[in-house]
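Below you'll find the structure, written out as structure tokens, and then a few comments.
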Amino acid sequence: MSLIIVNIATIKSRIKNAAEYSGRNANGIKLLLATKTVSAENIKIALETGETLIGENKVQELIEKAEKLKAIPHQTHFIGHLQSNKIKEVIKFADCIQSVDRIELANKLQKRLEFDNKIIDVFIQVNTSYEESKFGITPELALDFALQVKQLDRLNIKGLMTIGLFSAEKERVRKCFRLLRAIQDKMLQKDISVNELSMGMSNDLETAIEEGATIIRVGTAIFGKRIYPDSYYWTENK
Ligand SMILES: *Cc1c(COP(=O)(O)O)cnc(C)c1O
């Protein structure tokens, strides 16, 4: 049996245990397979276990794999930094964009979606770790930004996304997730439909679930180590 299948089972039990620990129902927590650098063949193995949600970071990879995976029912979220000049392709191949983090991008998405006569699901990405290298709107600006995005009728706001601090100090990581939850509360009070919280990865999914994650994004713990460092995907200096 493929190691991928074994790893998915392990992740499922980690989700279940973390949900139980925090008195939550594991059915309320979706697993997104973070598939950057993973081959279509290996993604297929994962989808055939019954998983239905993948996330890609790069537009080129998204396009190449969409073609190869089209026979298998699944949804694809775009979870990487989105450059304005790639909007057209992303809208064509992704079901949701989790990384909306600036008004210029939101406005350009709106325009292109009007042109295509489409609506797309979006998450607002928040930089809860305040690391300069990370993308995402600053927490202090998130509410105003979300109110602006709410005005754009082609963007269907589903939730908030964050990448926690990359640290072995669990409580510092927890702070990031707790902050996202607090921002969610404020937005819900303003009738912004941010019902989903996309947070938690291979190393910190338990903490994220304890803090209310509804989508966790897992790559390494399922598909193994990647050859590129995460900075290649997460920062501008590549
Ligand atoms: C790569 C990536 C993940 C998954 O990270 P792992 O540590 O490999 O589980 C989650 N979210 C985003 C935005 C990513 O780029």
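Note on naming: chains are A, B, ... as they come in the structure tokens, residues start from 1 per chain, ligands start from 1 in the order shown.
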(message) Can you work out which residues are within 10 Å of ligand 1, considering only C-alpha atoms and all ligand atoms, and then hand them over as an MDAnalysis selection string?
(response) chainID A and resid 32:37 55:58 78:81 98:99 125 135 161:164 166 198:205 216:226 229:234
With C-alpha atoms kept, could you save the residues just selected as a compact mmCIF listing (two decimals), in the first residue's frame?
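To be explicit, this is the file written out as part25.txt:
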```
# COMPACT_ATOMS: atom_id res chain seq x y z
CA LEU A 32 -7.16 20.16 2.31
CA LEU A 33 -4.27 18.33 0.68
CA ALA A 34 -1.49 20.87 0.09
CA THR A 35 -0.15 19.46 -3.15
CA LYS A 36 2.59 21.86 -4.25
CA THR A 37 5.42 19.91 -5.96
CA GLY A 55 -4.65 23.27 -2.66
CA GLU A 56 -2.06 24.60 -5.09
CA ASN A 57 0.37 27.52 -4.68
CA LYS A 58 1.58 28.15 -8.19
CA PHE A 78 -5.57 28.36 -4.70
CA ILE A 79 -3.51 28.89 -1.52
CA GLY A 80 -0.41 30.69 -2.82
CA HIS A 81 0.51 34.28 -3.39
CA GLN A 98 -7.78 31.44 -0.16
CA SER A 99 -5.15 34.14 -0.52
CA GLN A 125 -5.53 35.83 4.12
CA PHE A 135 1.78 37.56 2.73
CA MET A 161 -6.91 31.95 6.10
CA THR A 162 -3.60 32.22 7.90
CA ILE A 163 -0.21 30.57 8.10
CA GLY A 164 0.81 30.27 11.74
CA PHE A 166 6.79 28.76 12.10
CA SER A 198 -8.42 27.80 7.20
CA MET A 199 -5.48 27.34 9.57
CA GLY A 200 -3.15 24.59 10.71
CA MET A 201 -0.63 22.53 8.74
CA SER A 202 1.42 19.35 9.27
CA ASN A 203 3.14 20.61 12.40
CA ASP A 204 0.44 22.64 14.09
CA LEU A 205 -2.90 21.19 13.07
CA ILE A 216 -6.53 22.34 7.82
CA ARG A 217 -4.00 22.32 4.99
CA VAL A 218 -1.60 19.40 5.11
CA GLY A 219 1.27 18.66 2.74
CA THR A 220 4.47 17.26 4.23
CA ALA A 221 2.82 14.84 6.67
CA ILE A 222 1.03 13.18 3.76
CA PHE A 223 3.33 13.50 0.77
CA GLY A 224 6.73 13.78 2.45
CA LYS A 225 9.34 16.52 2.42
CA ARG A 226 9.46 18.92 -0.51
CA PRO A 229 12.02 25.46 0.96
CA ASP A 230 8.70 27.08 1.90
CA SER A 231 10.24 30.51 1.39
CA TYR A 232 10.08 29.74 -2.31
CA TYR A 233 6.31 29.76 -2.02
CA TRP A 234 5.66 32.14 0.79
```
(request) Compile the contact shell of A:Glu104 as number ranges by chain: residues with an atom at most 10 Å away, counting only C-alpha atoms, same-chain residues fewer than 5 positions apart removed. (result) A: 84, 109-110
(message) So that I can see what lies close to A:Leu179, please list as a list of chain:residue names the residues with an atom at most 9 Å from it, counting only C-alpha atoms and leaving out residues fewer than 5 positions away in the same chain.
(response)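 Contacts, with the query itself left out: A:Thr128, A:Pro139, A:Arg174, A:Gln184.
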Export N, CA, C and O atoms of the chosen residues as a JSON list (two decimals), in the first residue's frame?
```
[["chain", "number", "residue", "atom", "x", "y", "z"],
["A", 128, "THR", "N", -1.15, 36.79, 10.56],
["A", 128, "THR", "CA", -1.30, 36.81, 12.01],
["A", 128, "THR", "C", 0.03, 36.71, 12.76],
["A", 128, "THR", "O", 0.08, 36.95, 13.96],
["A", 139, "PRO", "N", -3.40, 42.26, 10.54],
["A", 139, "PRO", "CA", -4.59, 42.07, 11.37],
["A", 139, "PRO", "C", -5.38, 43.35, 11.63],
["A", 139, "PRO", "O", -6.62, 43.35, 11.57],
["A", 174, "ARG", "N", -0.13, 29.31, 18.74],
["A", 174, "ARG", "CA", -1.54, 29.38, 19.14],
["A", 174, "ARG", "C", -2.06, 30.83, 19.08],
["A", 174, "ARG", "O", -3.19, 31.09, 18.69],
["A", 184, "GLN", "N", -12.27, 36.96, 13.09],
["A", 184, "GLN", "CA", -13.50, 36.36, 12.56],
["A", 184, "GLN", "C", -14.72, 36.86, 13.36],
["A", 184, "GLN", "O", -15.73, 37.26, 12.78]]
```
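Interatomic distance, atom CA of A:Lys118 to atom CA of A:Leu47: 26.6 Å.
Note that the spacing between atom CA of A:Thr138 and atom CA of A:Lys170 amounts to 21.5 Å.
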Considering only C-alpha atoms, tabulate each residue of stretch 134-226 of chain A that lies at most 7 Å from stretch 8-25 of chain A along with its nearest interatomic pair and the corresponding distance in Å to one decimal; arrange the rows by chain and ascending residue number and present them as a Markdown table.
```
| residue | atom | partner | partner_atom | distance |
| --- | --- | --- | --- | --- |
| A:Glu206 | CA | A:Ala18 | CA | 5.3 |
| A:Ile209 | CA | A:Ala18 | CA | 6.4 |
| A:Glu210 | CA | A:Ser22 | CA | 5.5 |
| A:Ile222 | CA | A:Ile8 | CA | 5.9 |
```
(request) Write out as a PyMOL selection string all residues of stretch 136-215 of chain A that backbone DSSP assigns to alpha helix (DSSP H). (result) chain A and resi 139-150+170-189+205-210
(request) Would you work out the distance separating atom CA of A:Glu196 from atom CA of A:Tyr228, expressed in Å to one decimal? (result) 28.9 Å
(message) Let me make sure I understand: among A:Glu41, A:Glu171, A:Asp144, A:Glu211, which one has the smallest atom-to-atom distance to A:Ile192 if we use only C-alpha atoms?
(response) A:Asp144
(request) List every residue of stretch 7-169 of chain A that DSSP, applied to the backbone, labels as strand (DSSP E or B), and write the result as a ChimeraX atom specification. (result) /A:30-34,53-56,75-78,96-100,120-126,137,155-161
Dump of N, CA, C and O atoms for the selected residues, as a short mmCIF file (atom, residue, chain, number, x, y, z; two decimals), in the first residue's frame:
```
data_model
loop_
_atom_site.label_atom_id
_atom_site.label_comp_id
_atom_site.auth_asym_id
_atom_site.auth_seq_id
_atom_site.Cartn_x
_atom_site.Cartn_y
_atom_site.Cartn_z
N LYS A 30 -12.42 20.08 7.70
CA LYS A 30 -12.09 19.54 6.38
C LYS A 30 -10.57 19.45 6.21
O LYS A 30 -9.84 20.31 6.69
N LEU A 31 -10.16 18.42 5.50
CA LEU A 31 -8.75 18.26 5.19
C LEU A 31 -8.49 18.74 3.76
O LEU A 31 -9.10 18.24 2.82
N LEU A 32 -7.62 19.73 3.64
CA LEU A 32 -7.16 20.16 2.31
C LEU A 32 -5.76 19.59 2.10
O LEU A 32 -4.88 19.76 2.94
N LEU A 33 -5.58 18.88 1.00
CA LEU A 33 -4.27 18.33 0.68
C LEU A 33 -3.44 19.42 0.02
O LEU A 33 -3.80 19.91 -1.05
N ALA A 34 -2.36 19.84 0.67
CA ALA A 34 -1.49 20.87 0.09
C ALA A 34 -0.54 20.16 -0.86
O ALA A 34 0.40 19.48 -0.44
N LEU A 53 -10.41 17.54 -1.62
CA LEU A 53 -9.99 18.94 -1.64
C LEU A 53 -8.47 19.05 -1.72
O LEU A 53 -7.76 18.49 -0.88
N ILE A 54 -7.99 19.76 -2.75
CA ILE A 54 -6.55 20.00 -2.84
C ILE A 54 -6.27 21.49 -2.91
O ILE A 54 -7.15 22.29 -3.23
N GLY A 55 -5.04 21.86 -2.60
CA GLY A 55 -4.65 23.27 -2.66
C GLY A 55 -3.34 23.41 -3.41
O GLY A 55 -2.39 22.66 -3.15
N GLU A 56 -3.29 24.36 -4.34
CA GLU A 56 -2.06 24.60 -5.09
C GLU A 56 -1.56 26.03 -4.84
O GLU A 56 -2.36 26.95 -4.61
N GLN A 75 -12.15 19.32 -5.64
CA GLN A 75 -12.14 20.78 -5.66
C GLN A 75 -10.71 21.26 -5.46
O GLN A 75 -9.93 20.64 -4.73
N THR A 76 -10.39 22.37 -6.10
CA THR A 76 -9.06 22.92 -5.95
C THR A 76 -9.12 24.35 -5.42
O THR A 76 -9.80 25.20 -6.00
N HIS A 77 -8.42 24.57 -4.34
CA HIS A 77 -8.30 25.92 -3.81
C HIS A 77 -6.92 26.46 -4.16
O HIS A 77 -5.93 25.73 -4.12
N PHE A 78 -6.87 27.73 -4.49
CA PHE A 78 -5.57 28.36 -4.70
C PHE A 78 -5.12 28.93 -3.36
O PHE A 78 -5.83 29.73 -2.75
N CYS A 96 -11.77 28.10 -5.60
CA CYS A 96 -11.75 29.05 -4.49
C CYS A 96 -10.35 29.64 -4.39
O CYS A 96 -9.36 28.95 -4.68
N ILE A 97 -10.25 30.90 -3.99
CA ILE A 97 -8.95 31.53 -3.78
C ILE A 97 -8.85 31.87 -2.30
O ILE A 97 -9.63 32.67 -1.78
N GLN A 98 -7.90 31.23 -1.62
CA GLN A 98 -7.78 31.44 -0.16
C GLN A 98 -6.84 32.58 0.19
O GLN A 98 -6.66 32.89 1.37
N SER A 99 -6.24 33.20 -0.81
CA SER A 99 -5.15 34.14 -0.52
C SER A 99 -5.44 35.57 -0.98
O SER A 99 -4.54 36.26 -1.42
N VAL A 100 -6.67 36.01 -0.83
CA VAL A 100 -7.00 37.40 -1.17
C VAL A 100 -6.51 38.29 -0.02
O VAL A 100 -6.94 38.14 1.12
N ILE A 120 -16.71 33.67 -7.61
CA ILE A 120 -15.76 32.71 -7.02
C ILE A 120 -15.73 32.85 -5.50
O ILE A 120 -15.93 33.95 -4.96
N ASP A 121 -15.52 31.72 -4.83
CA ASP A 121 -15.37 31.73 -3.37
C ASP A 121 -13.99 32.25 -3.01
O ASP A 121 -13.01 31.91 -3.67
N VAL A 122 -13.93 33.05 -1.97
CA VAL A 122 -12.63 33.56 -1.53
C VAL A 122 -12.50 33.50 -0.01
O VAL A 122 -13.48 33.49 0.73
N PHE A 123 -11.25 33.43 0.42
CA PHE A 123 -10.88 33.61 1.81
C PHE A 123 -10.01 34.85 1.87
O PHE A 123 -9.29 35.15 0.91
N ILE A 124 -10.04 35.51 2.97
CA ILE A 124 -9.12 36.62 3.19
C ILE A 124 -7.93 36.10 3.98
O ILE A 124 -8.10 35.48 5.05
N GLN A 125 -6.74 36.30 3.43
CA GLN A 125 -5.53 35.83 4.12
C GLN A 125 -5.02 36.92 5.05
O GLN A 125 -4.81 38.06 4.64
N VAL A 126 -4.81 36.54 6.30
CA VAL A 126 -4.35 37.50 7.31
C VAL A 126 -2.96 37.08 7.80
O VAL A 126 -2.70 35.91 8.06
N ILE A 137 -3.06 40.24 4.75
CA ILE A 137 -3.36 41.59 5.23
C ILE A 137 -2.99 41.67 6.72
O ILE A 137 -3.11 40.69 7.46
N LEU A 155 -17.13 38.28 -5.61
CA LEU A 155 -16.31 37.57 -4.63
C LEU A 155 -17.19 37.12 -3.48
O LEU A 155 -17.76 37.95 -2.77
N ASN A 156 -17.31 35.82 -3.34
CA ASN A 156 -18.15 35.24 -2.30
C ASN A 156 -17.28 34.90 -1.09
O ASN A 156 -16.57 33.89 -1.09
N ILE A 157 -17.34 35.72 -0.07
CA ILE A 157 -16.45 35.53 1.08
C ILE A 157 -16.87 34.31 1.90
O ILE A 157 -17.99 34.23 2.38
N LYS A 158 -15.93 33.36 2.04
CA LYS A 158 -16.22 32.14 2.79
C LYS A 158 -15.55 32.12 4.15
O LYS A 158 -16.01 31.44 5.07
N GLY A 159 -14.39 32.77 4.27
CA GLY A 159 -13.69 32.66 5.54
C GLY A 159 -12.36 33.38 5.56
O GLY A 159 -12.08 34.22 4.71
N LEU A 160 -11.56 33.01 6.54
CA LEU A 160 -10.25 33.60 6.74
C LEU A 160 -9.18 32.51 6.68
O LEU A 160 -9.42 31.37 7.08
N MET A 161 -8.03 32.90 6.19
CA MET A 161 -6.91 31.95 6.10
C MET A 161 -5.68 32.57 6.72
O MET A 161 -5.45 33.78 6.61
#
```
(request) Determine the nearest neighbour of A:Gln83 from the options A:Asp116, A:Asp95, A:Asp101, A:Glu131, counting only C-alpha atoms. (result)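 Smallest distance to A:Gln83 is found for A:Asp101.
Among the candidates A:Ala46, A:Ile183, A:Ala213, A:Leu113, the residue lying nearest to A:Ala142 is A:Ile183 (atoms considered: only C-alpha atoms).
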